[in-house]
Amino acid sequence: MAFTSMKMDKFAVRQDMRRRRDAMSLDDVLNLSRAIEDRLFACKEFLDCRNVMFFLSFGNEVRTDEMIARSLIDNKRVYVPRLIRRERRMEVCEITDMNQEFELGSYDIREPSRLNSRVVSPSIIDAVIAPGLAFDRSGGRIGFGGGYFDWLFKQLPDGAQRLGVAYEFQVKDSIPQDFWDERVQKIFTDNDMINC
């Protein structure tokens with residue numbers, strides 16, 4: 001019964017956050033994403049990382065295109081996911097340019113074309129910039145429910161940074177978590193950098 005209640009709680013959190021995020025204007029998305037980017041790029045732990053994995057944002061998610069382009073200018077090696085839906089995991093794909101060819105993959109999320117991306121082991125990643133519908137101050141994260149980033153976090157080497165990006169309203173004091181949910185170490189919002 002407690003498990004079912006937690007599932008319902010997660011469902012309610014997802015619904016609420018989707019509704020609030022979908023109601024944002026494009027100006028709000030751009031301005032708040034820029035503030036989040038500035039906080040991320042002011043973080044020494046992030047700046048010291050050479051191999052960084054981002055997600056390719058869609059809808060009103062925190063925009064990552066500008067963060068990726070800036071990382072490439074800073075001579076970081078940049079990776080993005082390609083989901084393997086039937087296996088509930090992702091491939092880590094290197095990209096070298098935001099103008100390269102992307103295609104719509106699982107869940108209509110942009111993914112690098114198989115023709116122009118190199119797949120690497122998650123073991124080389126220094127930092128992952130993770131999306132989420134909600135986070136809490138101890139690093140708890142609720143995504144869309146596929147478990148892809150939980151899988152990825154388990155593949156990372158010791159010492160790799162797990163960094164969440166979110167709008168301030170997406171961070172709560174606590175959110176429901178299951179035993180398999182993986183946590184982030186820091187969360188960057190438009191108003192704060194939270195050490196978890």
# chains A, B, ... in the order shown; residues from 1 in each chain; ligands from 1
$ closest_atom_pairs --of "range 77-192 of chain A" --to "range 39-45 of chain A" --cutoff "12 Å" --atoms "only C-alpha atoms" --output "JSON lines"
{"residue": "A:Asp126", "atom": "CA", "partner": "A:Glu45", "partner_atom": "CA", "distance": 9.7}
{"residue": "A:Ala127", "atom": "CA", "partner": "A:Glu45", "partner_atom": "CA", "distance": 8.9}
{"residue": "A:Val128", "atom": "CA", "partner": "A:Glu45", "partner_atom": "CA", "distance": 11.7}
{"residue": "A:Ile129", "atom": "CA", "partner": "A:Leu40", "partner_atom": "CA", "distance": 9.5}
{"residue": "A:Gly159", "atom": "CA", "partner": "A:Glu45", "partner_atom": "CA", "distance": 10.6}
{"residue": "A:Ala160", "atom": "CA", "partner": "A:Glu45", "partner_atom": "CA", "distance": 9.9}
{"residue": "A:Gln161", "atom": "CA", "partner": "A:Glu45", "partner_atom": "CA", "distance": 7.8}
{"residue": "A:Arg162", "atom": "CA", "partner": "A:Glu45", "partner_atom": "CA", "distance": 10.6}
{"residue": "A:Leu163", "atom": "CA", "partner": "A:Leu40", "partner_atom": "CA", "distance": 8.9}
{"residue": "A:Gly164", "atom": "CA", "partner": "A:Leu40", "partner_atom": "CA", "distance": 9.7}
{"residue": "A:Val165", "atom": "CA", "partner": "A:Leu40", "partner_atom": "CA", "distance": 8.5}
{"residue": "A:Ala166", "atom": "CA", "partner": "A:Leu40", "partner_atom": "CA", "distance": 11.2}
{"residue": "A:Gln185", "atom": "CA", "partner": "A:Glu45", "partner_atom": "CA", "distance": 11.1}
{"residue": "A:Lys186", "atom": "CA", "partner": "A:Leu40", "partner_atom": "CA", "distance": 9.8}
{"residue": "A:Ile187", "atom": "CA", "partner": "A:Leu40", "partner_atom": "CA", "distance": 9.0}
{"residue": "A:Phe188", "atom": "CA", "partner": "A:Leu40", "partner_atom": "CA", "distance": 6.3}
{"residue": "A:Thr189", "atom": "CA", "partner": "A:Arg39", "partner_atom": "CA", "distance": 7.7}
{"residue": "A:Asp190", "atom": "CA", "partner": "A:Arg39", "partner_atom": "CA", "distance": 7.8}
{"residue": "A:Asn191", "atom": "CA", "partner": "A:Arg39", "partner_atom": "CA", "distance": 8.7}
{"residue": "A:Asp192", "atom": "CA", "partner": "A:Arg39", "partner_atom": "CA", "distance": 7.6}
$ closest_atom_pairs --of "range 70-99 of chain A" --to "range 52-61 of chain A" --cutoff "12 Å" --atoms "only C-alpha atoms" --output "tab-separated table"
residue	atom	partner	partner_atom	distance
A:Arg70	CA	A:Val52	CA	11.8
A:Ser71	CA	A:Val52	CA	8.3
A:Leu72	CA	A:Val52	CA	9.9
A:Asp74	CA	A:Val52	CA	11.4
A:Asn75	CA	A:Val52	CA	10.7
A:Lys76	CA	A:Val52	CA	7.0
A:Arg77	CA	A:Val52	CA	6.3
A:Val78	CA	A:Val52	CA	5.1
A:Tyr79	CA	A:Met53	CA	4.5
A:Val80	CA	A:Phe54	CA	5.3
A:Pro81	CA	A:Phe55	CA	6.4
A:Arg82	CA	A:Phe55	CA	9.5
A:Leu83	CA	A:Phe55	CA	11.0
A:Met90	CA	A:Phe55	CA	11.3
A:Glu91	CA	A:Met53	CA	11.1
A:Val92	CA	A:Met53	CA	7.8
A:Cys93	CA	A:Met53	CA	8.7
A:Glu94	CA	A:Met53	CA	8.6
A:Ile95	CA	A:Met53	CA	9.9
A:Met98	CA	A:Leu56	CA	10.2
$ write_last_selection --atoms "N, CA and C atoms" --output "PDB file, in the first residue's frame"
ATOM      1  N   ARG A  70      28.453  26.645 -25.450  1.00  0.00           N
ATOM      2  CA  ARG A  70      29.473  27.306 -24.623  1.00  0.00           C
ATOM      3  C   ARG A  70      30.529  26.303 -24.154  1.00  0.00           C
ATOM      4  N   SER A  71      30.118  25.104 -23.810  1.00  0.00           N
ATOM      5  CA  SER A  71      31.063  24.065 -23.391  1.00  0.00           C
ATOM      6  C   SER A  71      32.001  23.685 -24.528  1.00  0.00           C
ATOM      7  N   LEU A  72      31.464  23.604 -25.740  1.00  0.00           N
ATOM      8  CA  LEU A  72      32.297  23.288 -26.894  1.00  0.00           C
ATOM      9  C   LEU A  72      33.321  24.396 -27.147  1.00  0.00           C
ATOM     10  N   ASP A  74      34.557  26.234 -24.892  1.00  0.00           N
ATOM     11  CA  ASP A  74      35.525  26.088 -23.791  1.00  0.00           C
ATOM     12  C   ASP A  74      36.402  24.833 -23.936  1.00  0.00           C
ATOM     13  N   ASN A  75      36.310  24.176 -25.084  1.00  0.00           N
ATOM     14  CA  ASN A  75      37.109  22.975 -25.385  1.00  0.00           C
ATOM     15  C   ASN A  75      36.782  21.768 -24.506  1.00  0.00           C
ATOM     16  N   LYS A  76      35.564  21.706 -24.008  1.00  0.00           N
ATOM     17  CA  LYS A  76      35.118  20.492 -23.335  1.00  0.00           C
ATOM     18  C   LYS A  76      34.669  19.490 -24.403  1.00  0.00           C
ATOM     19  N   ARG A  77      34.767  18.206 -24.067  1.00  0.00           N
ATOM     20  CA  ARG A  77      34.169  17.185 -24.916  1.00  0.00           C
ATOM     21  C   ARG A  77      32.740  17.000 -24.403  1.00  0.00           C
ATOM     22  N   VAL A  78      31.793  17.024 -25.327  1.00  0.00           N
ATOM     23  CA  VAL A  78      30.379  17.056 -24.960  1.00  0.00           C
ATOM     24  C   VAL A  78      29.683  15.803 -25.485  1.00  0.00           C
ATOM     25  N   TYR A  79      28.815  15.261 -24.627  1.00  0.00           N
ATOM     26  CA  TYR A  79      28.083  14.035 -24.928  1.00  0.00           C
ATOM     27  C   TYR A  79      26.606  14.255 -24.625  1.00  0.00           C
ATOM     28  N   VAL A  80      25.759  13.579 -25.373  1.00  0.00           N
ATOM     29  CA  VAL A  80      24.310  13.634 -25.157  1.00  0.00           C
ATOM     30  C   VAL A  80      23.758  12.209 -25.272  1.00  0.00           C
ATOM     31  N   PRO A  81      22.568  11.975 -24.720  1.00  0.00           N
ATOM     32  CA  PRO A  81      22.029  10.610 -24.746  1.00  0.00           C
ATOM     33  C   PRO A  81      21.316  10.250 -26.046  1.00  0.00           C
ATOM     34  N   ARG A  82      21.376   8.967 -26.342  1.00  0.00           N
ATOM     35  CA  ARG A  82      20.491   8.357 -27.342  1.00  0.00           C
ATOM     36  C   ARG A  82      19.849   7.177 -26.621  1.00  0.00           C
ATOM     37  N   LEU A  83      18.525   7.218 -26.473  1.00  0.00           N
ATOM     38  CA  LEU A  83      17.828   6.215 -25.672  1.00  0.00           C
ATOM     39  C   LEU A  83      17.673   4.897 -26.430  1.00  0.00           C
ATOM     40  N   MET A  90      20.632   4.097 -22.025  1.00  0.00           N
ATOM     41  CA  MET A  90      20.992   5.076 -23.043  1.00  0.00           C
ATOM     42  C   MET A  90      22.412   4.854 -23.529  1.00  0.00           C
ATOM     43  N   GLU A  91      22.658   5.307 -24.744  1.00  0.00           N
ATOM     44  CA  GLU A  91      24.015   5.380 -25.262  1.00  0.00           C
ATOM     45  C   GLU A  91      24.531   6.788 -25.008  1.00  0.00           C
ATOM     46  N   VAL A  92      25.821   6.899 -24.737  1.00  0.00           N
ATOM     47  CA  VAL A  92      26.479   8.186 -24.528  1.00  0.00           C
ATOM     48  C   VAL A  92      27.153   8.544 -25.844  1.00  0.00           C
ATOM     49  N   CYS A  93      26.658   9.604 -26.494  1.00  0.00           N
ATOM     50  CA  CYS A  93      27.112   9.953 -27.835  1.00  0.00           C
ATOM     51  C   CYS A  93      27.837  11.288 -27.830  1.00  0.00           C
ATOM     52  N   GLU A  94      29.035  11.304 -28.391  1.00  0.00           N
ATOM     53  CA  GLU A  94      29.785  12.556 -28.478  1.00  0.00           C
ATOM     54  C   GLU A  94      29.231  13.411 -29.617  1.00  0.00           C
ATOM     55  N   ILE A  95      29.122  14.714 -29.352  1.00  0.00           N
ATOM     56  CA  ILE A  95      28.776  15.662 -30.410  1.00  0.00           C
ATOM     57  C   ILE A  95      29.860  16.733 -30.447  1.00  0.00           C
ATOM     58  N   MET A  98      26.599  21.993 -32.481  1.00  0.00           N
ATOM     59  CA  MET A  98      25.139  22.023 -32.331  1.00  0.00           C
ATOM     60  C   MET A  98      24.432  22.141 -33.674  1.00  0.00           C
TER      61      MET A  98
END
$ residues_around --residues "range 104-107 of chain A" --least-positions-apart "2" --cutoff "8 Å" --atoms "only C-alpha atoms" --output "PyMOL selection string"
chain A and resi 82-83+85+102+109-111
$ write_last_selection --atoms "N, CA and C atoms" --output "short mmCIF file (atom, residue, chain, number, x, y, z; two decimals), in the first residue's frame"
data_model
loop_
_atom_site.label_atom_id
_atom_site.label_comp_id
_atom_site.auth_asym_id
_atom_site.auth_seq_id
_atom_site.Cartn_x
_atom_site.Cartn_y
_atom_site.Cartn_z
N ARG A 82 21.38 8.97 -26.34
CA ARG A 82 20.49 8.36 -27.34
C ARG A 82 19.85 7.18 -26.62
N LEU A 83 18.53 7.22 -26.47
CA LEU A 83 17.83 6.22 -25.67
C LEU A 83 17.67 4.90 -26.43
N ARG A 85 15.27 2.32 -25.95
CA ARG A 85 14.03 2.16 -25.19
C ARG A 85 13.74 0.72 -24.80
N PHE A 102 20.51 16.12 -36.08
CA PHE A 102 19.81 15.43 -35.00
C PHE A 102 18.54 14.83 -35.58
N ILE A 109 12.23 13.21 -28.43
CA ILE A 109 13.36 14.00 -27.95
C ILE A 109 14.46 13.94 -29.00
N ARG A 110 15.11 15.08 -29.24
CA ARG A 110 16.22 15.11 -30.20
C ARG A 110 17.34 14.18 -29.74
N GLU A 111 17.90 13.48 -30.71
CA GLU A 111 19.05 12.62 -30.46
C GLU A 111 20.02 12.79 -31.62
#
$ select_by_dssp --residues "range 41-193 of chain A" --states "helix (DSSP H, G or I)" --output "PyMOL selection string"
chain A and resi 44-47+65-73+85-87+106-108+122-124+148-155+168-170
$ closest_residue --among "A:Asn195, A:Asn116, A:Gln155, A:Asn31" --to "Glu182 in chain A" --atoms "only C-alpha atoms"
A:Gln155
$ select_by_dssp --residues "range 42-147 of chain A" --states "strand (DSSP E or B)" --output "PyMOL selection string"
chain A and resi 51-53+77-84+89-95+102-104+110-112+118-120+127-130+134-136+141-142
$ decode --residues "range 142-153 of chain A" --atoms "N, CA and C atoms" --output "CSV table (one decimal), in the first residue's frame"
chain,number,residue,atom,x,y,z
A,142,ILE,N,12.9,13.5,-9.5
A,142,ILE,CA,11.8,12.8,-10.2
A,142,ILE,C,11.9,13.2,-11.6
A,143,GLY,N,12.2,12.2,-12.5
A,143,GLY,CA,12.2,12.5,-13.9
A,143,GLY,C,10.9,12.1,-14.5
A,144,PHE,N,10.9,11.6,-15.8
A,144,PHE,CA,9.7,11.3,-16.5
A,144,PHE,C,9.2,9.8,-16.2
A,145,GLY,N,10.1,9.1,-15.5
A,145,GLY,CA,9.7,7.7,-15.0
A,145,GLY,C,10.3,6.6,-15.8
A,146,GLY,N,11.2,6.9,-16.8
A,146,GLY,CA,11.8,5.9,-17.6
A,146,GLY,C,13.0,5.2,-16.9
A,147,GLY,N,13.6,5.9,-15.9
A,147,GLY,CA,14.8,5.4,-15.2
A,147,GLY,C,16.1,5.5,-16.0
A,148,TYR,N,16.1,6.2,-17.1
A,148,TYR,CA,17.3,6.3,-17.9
A,148,TYR,C,18.5,7.0,-17.2
A,149,PHE,N,18.2,8.1,-16.5
A,149,PHE,CA,19.3,8.7,-15.8
A,149,PHE,C,19.7,8.0,-14.5
A,150,ASP,N,18.8,7.3,-13.9
A,150,ASP,CA,19.2,6.4,-12.8
A,150,ASP,C,20.1,5.3,-13.3
A,151,TRP,N,19.8,4.8,-14.4
A,151,TRP,CA,20.7,3.8,-15.0
A,151,TRP,C,22.1,4.4,-15.3
A,152,LEU,N,22.1,5.6,-15.9
A,152,LEU,CA,23.4,6.2,-16.3
A,152,LEU,C,24.2,6.5,-15.0
A,153,PHE,N,23.6,7.1,-14.0
A,153,PHE,CA,24.3,7.4,-12.8
A,153,PHE,C,25.0,6.2,-12.2
